[in-house]
Each structure stands twice: as structure tokens, then as C-alpha cells.
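Single-structure report; data block below.
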Amino acid sequence: MTTAEIATIQDEVRALARERDAVILAHNYQVPEVQDVADFVGDSLGLSREAAATDAEAIVFCGVHFMAETAKILSPGKTVLIPDLDAGCSLAASITAEQLRVWKTEHPGAIVVSYVNTTAEVKAESDYCCTSGNAKAIVEAIPADREILFLPDMFLGVWLERVTGRKLTIWLGECHVHAGIRPDDISRWQREAPDAELLVHPECGCASQCMAFANDRTHILSTEGMINFAKASPKSRFLVATETGILHRLNKEAPGKRFEAVSERAICKYMKMITLEKLLGSLRDWKHDVTVEPEIAARARGAIERMVAIS
Ligand code: 13P
Ligand code: SF4
């Protein structure tokens with residue numbers, strides 16, 4: 001699409017959103033033309049907060065399905081639309097509610113902390129939800145004598161063990177995008193740009209390795225944490241170990257600084273299923289409605305609200 005064609009569709013999207021009283025929320029990994037038309041762009045935590053706070057009639061969620069589901073759980077009276085129902089998440093798919101119920105019976109009395117990248121049914125079986133932006137605070141708020149079942153991301157779990165000094169029982173799930181960022185990608189860049197700041201998402205398979213040789217230029221951060229860090233830092237060059245969609249937001253929010261992806265392959269095909277045309281279709285045809293069964297939503301909301309109360 002040409003710049004003019006993009007601008008025309010963006011104008012149509014804005015007009016329809018206004019007419020239908022819809023707020024457009026977009027995750028930091030969305031394509032640039034979707035980020036640019038959104039009312040709010042952020043990480044899982046920020047988007048959950050926006051979804052809970054909005055007074056718009058409807059939310060159009062440009063992100064993956066579990067994020068739209070979280071918005072619906074937090075705003076049950078609102079219409080929540082996702083432009084493509086197939087925008088899933090391989091990490092969220094790595095544990096089902098039935099698997100979690102079995103795991104809980106094997107660890108009676110344990111507290112279940114579920115990363116936000118889970119289905120509503122899994123959240124409903126959990127005591128606490130967490131995001132990469134608040135996982136440390138959630139784990140630290142749980143009494144030290146209680147066993148914690150942490151799911152589903154093993155690399156985030158291992159990182160949490162290191163930063164909290166606490167032993168966790170960890171589900172062996174992973175995000176294929178972040179697990180695919182190899183320690184070699186990091187070390188190559190560290191040789192080529194030794195003075196650059198390294199921003200690493202805790203879902204990365206390399207997170208624990210980075211911690212092992214952590215120096216004051218290595219920072220393990222959520223996607224929004226990366227934006228805030230880059231804006232505030234006096235440094236000018238940053239290597240980014242997460243999905244490459246975030247580069248657009250970094251360049252926009254911290255102009256004049258240099259951002260490079262440590263791996264150009266780090267692309268989430270699910271996040272990229274949401275296109276500007278599908279966003280327009282979503283607003284025009286009022287689709288696809290995201291629903292969560294009320295009893296599941298009520299229990300899942302408990303886990304999310306306990307998270308919000310802490311962070
Ligand atoms: P953030 O909450 O850090 O944005 O991460 C969400 C996600 O899906 C990472 O892959
Ligand atoms: Fe899920 Fe990984 Fe995509 Fe994030 S990057 S939405 S964890 S598949």
C-alpha cells in the first residue's frame with residue numbers, strides 16, 4: 001500500500017471508531033500502520049488497564065486473542081472486537097485448563113501464578129495473574145512458605161527465580177518467537193556493538209544466559225519497560241531482544257536514538273495477522289465479537305484483580 005492509501009484507510013478507521021464509540025487498543029508488536037491509528041499502544045499490563053478504564057461503548061483490540069479476552073473479562077458490559085479471530089498465541093496454547101487442574105492436584109496447597117498469556121479458562125483456575133511488567137512484584141507478595149506454581153513460560157519463570165531468589169515450580173512452556181532468539185544472536189551483537197544497551201524481554205530463551213553475564217548494560221524488561229527505559233536513558237544505541245514490531249514504537253517515542261533488533265527473525269505471525277484492512281472491516285461489520293462465559297470470566301477476573309491490587 002502507498003502512504004496515501006494507508007492514510008485514507010486510517011481516516012476511515014478513525015471516523016468509524018468515532019461514529020461507533022469504539023476505542024482502538026494496540027499491542028507494541030502490531031504493524032506500524034495499526035499502531036499509528038490506535039488510541040492507545042502498550043504492553044499487556046497497560047492494555048489491561050486501558051480496557052478496564054475506558055468509557056467507550058466498545059473496544060477494538062489489535063493484539064492476540066488472550067489479550068482481547070482479558071479486555072472482555074475486565075469490561076464484561078462492553079463489546080470487545082478482534083479483527084482476526086485466528087490471532088492466537090503459541091505460549092497461551094501450551095497449557096489447557098484441564099492440564100492445570102491435574103497439575104494442581106499434584107501440588108496441593110500451592111499458589112498458582114499465571115502469566116497473562118493464558119486463556120480465560122486457565123486464568124479462572126489461577127490465584128494470581130501477572131504480566132512481564134509486574135511478575136516480580138506478584139511473586140514477592142506471596143508468603144515465602146507457600147509453594148508457587150508458575151505457568152506457562154519457563155524462561156520467564158527461571159528469570160523470576162533469579163530476581164526474587166525464590167524457588168518456583170515451573171510449567172515447561174515457551175514462546176516460539178522469543179525462544180528463537182539465540183544466545184549467539186546476543187553475543188554477535190555484543191561483539192559488534194559493545195557499547196550499546198541491551199534490552200531483553202524475559203520470555204527470551206537467552207534471558208537466563210544474559211543474567212549470567214549481566215552487566216550494567218543488560219536490562220530485562222517488558223515491552224513497555226523497554227520504551228520507558230529508552231526514553232529516559234542518556235545513551236543513544238540500543239539492541240532489542242524481542243518481537244521486532246516494537247522498533248516502530250521505540251523509534252517514534254525516542255527519536256534520534258538508534259534501535260536494532262538482535263534477531264530479524266523475531267516476528268510473531270499471530271500479532272501480524274491484524275492488518276489495517278482487517279481493522280477497518282472489524283469496525284464496519286462489527287466483528288469478531290470476543291466472548292467469555294460469565295462464570296469463567298468471574299473467576300478469571302479474581303486472578304486479574306488480585307494482580308492489579310498488587311501492581
Ligand atoms: P508484554 O506484556 O511485555 O508486552 O509481552 C506480551 C507478549 O506477548 C510478549 O510476547
Ligand atoms: Fe504469544 Fe510469543 Fe506472539 Fe507474544 S510473541 S503473542 S508470547 S506467540
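Order determines the names: the first chain of the C-alpha cells is A, the second B, and so forth; residues in each chain are numbered 1 upward, and ligands are numbered 1 upward as they are shown.
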
- Task: Give me the residues within 6 Å of Leu276 (chain A) as a ChimeraX atom specification, counting only C-alpha atoms and dropping any in the same chain fewer than 2 places off.
- Result: /A:34,278-279

- Query: Neighbours of region 43-46 of chain A within 8 Å (only C-alpha atoms; same-chain residues fewer than 2 positions away dropped), as a ChimeraX atom specification?
  - Reply: /A:27-28,41,48-50,67,116,131,133,222-224

Please save all heavy atoms of the selected residues as a JSON list (two decimals), in the first residue's frame.
```
[["chain", "number", "residue", "atom", "x", "y", "z"],
["A", 27, "HIS", "N", -1.28, -3.57, 20.69],
["A", 27, "HIS", "CA", -0.06, -4.00, 21.39],
["A", 27, "HIS", "C", 1.18, -3.48, 20.67],
["A", 27, "HIS", "O", 1.15, -3.20, 19.46],
["A", 27, "HIS", "CB", -0.03, -5.54, 21.48],
["A", 27, "HIS", "CG", 1.10, -6.04, 22.33],
["A", 27, "HIS", "ND1", 2.32, -6.41, 21.81],
["A", 27, "HIS", "CD2", 1.20, -6.17, 23.67],
["A", 27, "HIS", "CE1", 3.12, -6.78, 22.81],
["A", 27, "HIS", "NE2", 2.47, -6.64, 23.95],
["A", 28, "ASN", "N", 2.27, -3.37, 21.44],
["A", 28, "ASN", "CA", 3.54, -2.86, 20.91],
["A", 28, "ASN", "C", 4.10, -3.66, 19.72],
["A", 28, "ASN", "O", 5.02, -3.20, 19.06],
["A", 28, "ASN", "CB", 4.59, -2.86, 22.02],
["A", 28, "ASN", "CG", 4.34, -1.78, 23.05],
["A", 28, "ASN", "OD1", 3.92, -0.68, 22.70],
["A", 28, "ASN", "ND2", 4.60, -2.07, 24.32],
["A", 41, "VAL", "N", -1.39, 2.52, 22.63],
["A", 41, "VAL", "CA", -0.48, 1.43, 22.28],
["A", 41, "VAL", "C", 0.29, 1.08, 23.54],
["A", 41, "VAL", "O", 0.76, 1.99, 24.25],
["A", 41, "VAL", "CB", 0.51, 1.84, 21.16],
["A", 41, "VAL", "CG1", 1.36, 0.65, 20.71],
["A", 41, "VAL", "CG2", -0.22, 2.44, 19.97],
["A", 48, "SER", "N", -4.45, -3.85, 29.57],
["A", 48, "SER", "CA", -5.47, -4.31, 30.53],
["A", 48, "SER", "C", -6.01, -3.12, 31.30],
["A", 48, "SER", "O", -7.22, -2.99, 31.51],
["A", 48, "SER", "CB", -4.90, -5.29, 31.57],
["A", 48, "SER", "OG", -4.30, -6.35, 30.96],
["A", 49, "ARG", "N", -5.10, -2.24, 31.74],
["A", 49, "ARG", "CA", -5.54, -1.06, 32.49],
["A", 49, "ARG", "C", -6.45, -0.18, 31.64],
["A", 49, "ARG", "O", -7.47, 0.30, 32.11],
["A", 49, "ARG", "CB", -4.33, -0.25, 32.96],
["A", 49, "ARG", "CG", -3.58, -0.94, 34.08],
["A", 49, "ARG", "CD", -2.60, 0.04, 34.73],
["A", 49, "ARG", "NE", -1.89, -0.56, 35.84],
["A", 49, "ARG", "CZ", -0.58, -0.61, 35.95],
["A", 49, "ARG", "NH1", 0.19, -0.10, 35.01],
["A", 49, "ARG", "NH2", -0.02, -1.17, 37.00],
["A", 50, "GLU", "N", -6.06, 0.04, 30.38],
["A", 50, "GLU", "CA", -6.88, 0.87, 29.49],
["A", 50, "GLU", "C", -8.25, 0.24, 29.28],
["A", 50, "GLU", "O", -9.28, 0.93, 29.29],
["A", 50, "GLU", "CB", -6.23, 0.99, 28.11],
["A", 50, "GLU", "CG", -5.26, 2.08, 27.87],
["A", 50, "GLU", "CD", -5.59, 3.45, 28.40],
["A", 50, "GLU", "OE1", -6.55, 4.08, 27.91],
["A", 50, "GLU", "OE2", -4.88, 3.94, 29.28],
["A", 67, "MET", "N", -5.38, -11.43, 24.86],
["A", 67, "MET", "CA", -5.41, -10.02, 25.29],
["A", 67, "MET", "C", -6.82, -9.45, 25.15],
["A", 67, "MET", "O", -7.30, -8.73, 26.03],
["A", 67, "MET", "CB", -4.43, -9.19, 24.46],
["A", 67, "MET", "CG", -2.98, -9.60, 24.66],
["A", 67, "MET", "SD", -1.87, -8.59, 23.65],
["A", 67, "MET", "CE", -0.29, -9.26, 24.16],
["A", 116, "VAL", "N", -0.13, -13.59, 31.96],
["A", 116, "VAL", "CA", -1.31, -13.11, 31.25],
["A", 116, "VAL", "C", -1.51, -13.85, 29.91],
["A", 116, "VAL", "O", -2.62, -13.97, 29.42],
["A", 116, "VAL", "CB", -1.25, -11.57, 31.07],
["A", 116, "VAL", "CG1", -0.12, -11.17, 30.14],
["A", 116, "VAL", "CG2", -2.57, -10.98, 30.65],
["A", 131, "THR", "N", 1.91, -10.08, 34.52],
["A", 131, "THR", "CA", 2.46, -9.77, 33.20],
["A", 131, "THR", "C", 3.98, -9.67, 33.37],
["A", 131, "THR", "O", 4.47, -9.69, 34.52],
["A", 131, "THR", "CB", 1.92, -8.43, 32.65],
["A", 131, "THR", "OG1", 2.54, -7.38, 33.40],
["A", 131, "THR", "CG2", 0.42, -8.33, 32.76],
["A", 133, "GLY", "N", 5.53, -7.09, 33.15],
["A", 133, "GLY", "CA", 5.78, -5.82, 33.83],
["A", 133, "GLY", "C", 5.62, -5.88, 35.35],
["A", 133, "GLY", "O", 6.09, -4.98, 36.05],
["A", 222, "SER", "N", 9.82, -5.67, 30.29],
["A", 222, "SER", "CA", 8.61, -5.88, 29.48],
["A", 222, "SER", "C", 8.70, -4.94, 28.27],
["A", 222, "SER", "O", 9.57, -4.06, 28.22],
["A", 222, "SER", "CB", 7.37, -5.53, 30.30],
["A", 222, "SER", "OG", 7.26, -4.12, 30.42],
["A", 223, "THR", "N", 7.78, -5.09, 27.33],
["A", 223, "THR", "CA", 7.87, -4.23, 26.14],
["A", 223, "THR", "C", 7.72, -2.75, 26.52],
["A", 223, "THR", "O", 8.45, -1.91, 26.04],
["A", 223, "THR", "CB", 6.83, -4.63, 25.07],
["A", 223, "THR", "OG1", 5.51, -4.54, 25.61],
["A", 223, "THR", "CG2", 7.08, -6.03, 24.55],
["A", 224, "GLU", "N", 6.79, -2.45, 27.43],
["A", 224, "GLU", "CA", 6.62, -1.05, 27.83],
["A", 224, "GLU", "C", 7.83, -0.59, 28.64],
["A", 224, "GLU", "O", 8.25, 0.58, 28.57],
["A", 224, "GLU", "CB", 5.34, -0.89, 28.65],
["A", 224, "GLU", "CG", 4.81, 0.52, 28.71],
["A", 224, "GLU", "CD", 4.40, 1.09, 27.34],
["A", 224, "GLU", "OE1", 4.14, 0.32, 26.40],
["A", 224, "GLU", "OE2", 4.39, 2.33, 27.22]]
```

- Neighbourhood of ligand 2 at 9 Å, counting only C-alpha atoms and all ligand atoms, reported as JSON, numbers by chain: {"A": [29, 63, 64, 65, 66, 67, 87, 88, 89, 90, 91, 92, 93, 117, 153, 174, 175, 176, 177, 178, 179, 203, 242, 243, 266, 267, 268, 269, 270, 271]}

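You will find CA of Ile6 (chain A) at 23.4 Å from CA of Ala254 (chain A).
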
- Message: For region 280-287 of chain A, find every residue with an atom within 12 Å (counting only C-alpha atoms), except residues of its own chain fewer than 4 positions away, and show them as a PyMOL selection string.
- Response: chain A and resi 6+8-24+33-34+37-38+58-62+79-85+274-276+291

- Can you tell me, as a list in words, what residues are no more than 9 Å from Glu253 (chain A) when counting only C-alpha atoms, ignoring any on the same chain fewer than 2 positions away? Ile227, Asn228, Ala230, Lys231, His248, Arg249, Leu250, Asn251 and Pro255 of chain A

- Message: Please compute the CA of Asp216 (chain A)-CA of Lys167 (chain A) distance, one decimal, in Å.
- Response: 25.0 Å

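DSSP secondary structure from the backbone places A:Ile111, A:Val112, A:Val113, A:Ser114, A:Tyr115, A:Tyr128, A:Cys129, A:Cys130, A:Ile148, A:Leu149, A:Phe150, A:Leu151, A:Asp153, A:Thr169, A:Ile170, A:Gly173, A:Glu197, A:Leu198, A:Leu199, A:Val200, A:Thr218, A:His219, A:Ile220, A:Arg237, A:Phe238, A:Leu239, A:Val240, A:Ala241 of region 86-257 of chain A in strand (DSSP E or B).
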
- Message: Quick check for you: according to DSSP on this backbone, which residues of region 115-289 of chain A are classed as helix (DSSP H, G or I)? Reply as number ranges by chain.
- Response: A: 120-124, 135-141, 154-164, 176-179, 183-192, 207-212, 223-232, 246-253, 271-273, 276-285

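Rounded to one decimal, CA of Asp184 (chain A) and CA of Lys252 (chain A) lie 28.4 Å from each other.
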
- Message: Just checking: using only C-alpha atoms and all ligand atoms, which residue out of A:Arg182, A:Leu239, A:Gly42, A:Ala135 ends up closest to ligand 1?
- Response: A:Gly42

Show me, as a compact mmCIF listing (two decimals) with all heavy atoms, in the first residue's frame, the residues that have an atom within 7 Å of Ala300 (chain A) when counting only C-alpha atoms, minus same-chain residues fewer than 6 positions from it.
```txt
# COMPACT_ATOMS: atom_id res chain seq x y z
N ALA A 120 -8.75 -17.63 29.13
CA ALA A 120 -9.61 -17.25 30.25
C ALA A 120 -9.84 -18.46 31.17
O ALA A 120 -9.88 -18.32 32.40
CB ALA A 120 -10.94 -16.74 29.72
N LYS A 123 -6.86 -18.80 33.41
CA LYS A 123 -6.88 -17.73 34.43
C LYS A 123 -7.90 -18.06 35.52
O LYS A 123 -7.68 -17.81 36.71
CB LYS A 123 -7.21 -16.38 33.80
CG LYS A 123 -6.08 -15.80 32.95
CD LYS A 123 -6.42 -14.39 32.49
CE LYS A 123 -5.32 -13.81 31.60
NZ LYS A 123 -5.28 -14.38 30.24
N ALA A 124 -9.03 -18.65 35.10
CA ALA A 124 -10.08 -18.98 36.07
C ALA A 124 -9.61 -20.03 37.09
O ALA A 124 -10.15 -20.11 38.19
CB ALA A 124 -11.32 -19.48 35.33
```

Shell around Ala51 (chain A) at 7 Å using only C-alpha atoms, local window under 5 positions removed, as an mmCIF file with N, CA, C and O atoms, in the first residue's frame:
```cif
data_model
loop_
_atom_site.group_PDB
_atom_site.id
_atom_site.type_symbol
_atom_site.label_atom_id
_atom_site.label_comp_id
_atom_site.auth_asym_id
_atom_site.auth_seq_id
_atom_site.Cartn_x
_atom_site.Cartn_y
_atom_site.Cartn_z
ATOM 1 N N ALA A 71 -9.460 -8.143 28.062
ATOM 2 C CA ALA A 71 -10.240 -6.901 27.994
ATOM 3 C C ALA A 71 -11.714 -7.187 28.262
ATOM 4 O O ALA A 71 -12.386 -6.457 28.994
ATOM 5 N N LEU A 74 -12.353 -7.817 31.917
ATOM 6 C CA LEU A 74 -12.301 -6.590 32.718
ATOM 7 C C LEU A 74 -13.443 -5.626 32.397
ATOM 8 O O LEU A 74 -13.794 -4.798 33.225
ATOM 9 N N SER A 75 -14.005 -5.735 31.207
ATOM 10 C CA SER A 75 -15.125 -4.865 30.809
ATOM 11 C C SER A 75 -16.252 -5.726 30.260
ATOM 12 O O SER A 75 -16.565 -5.665 29.060
#
```
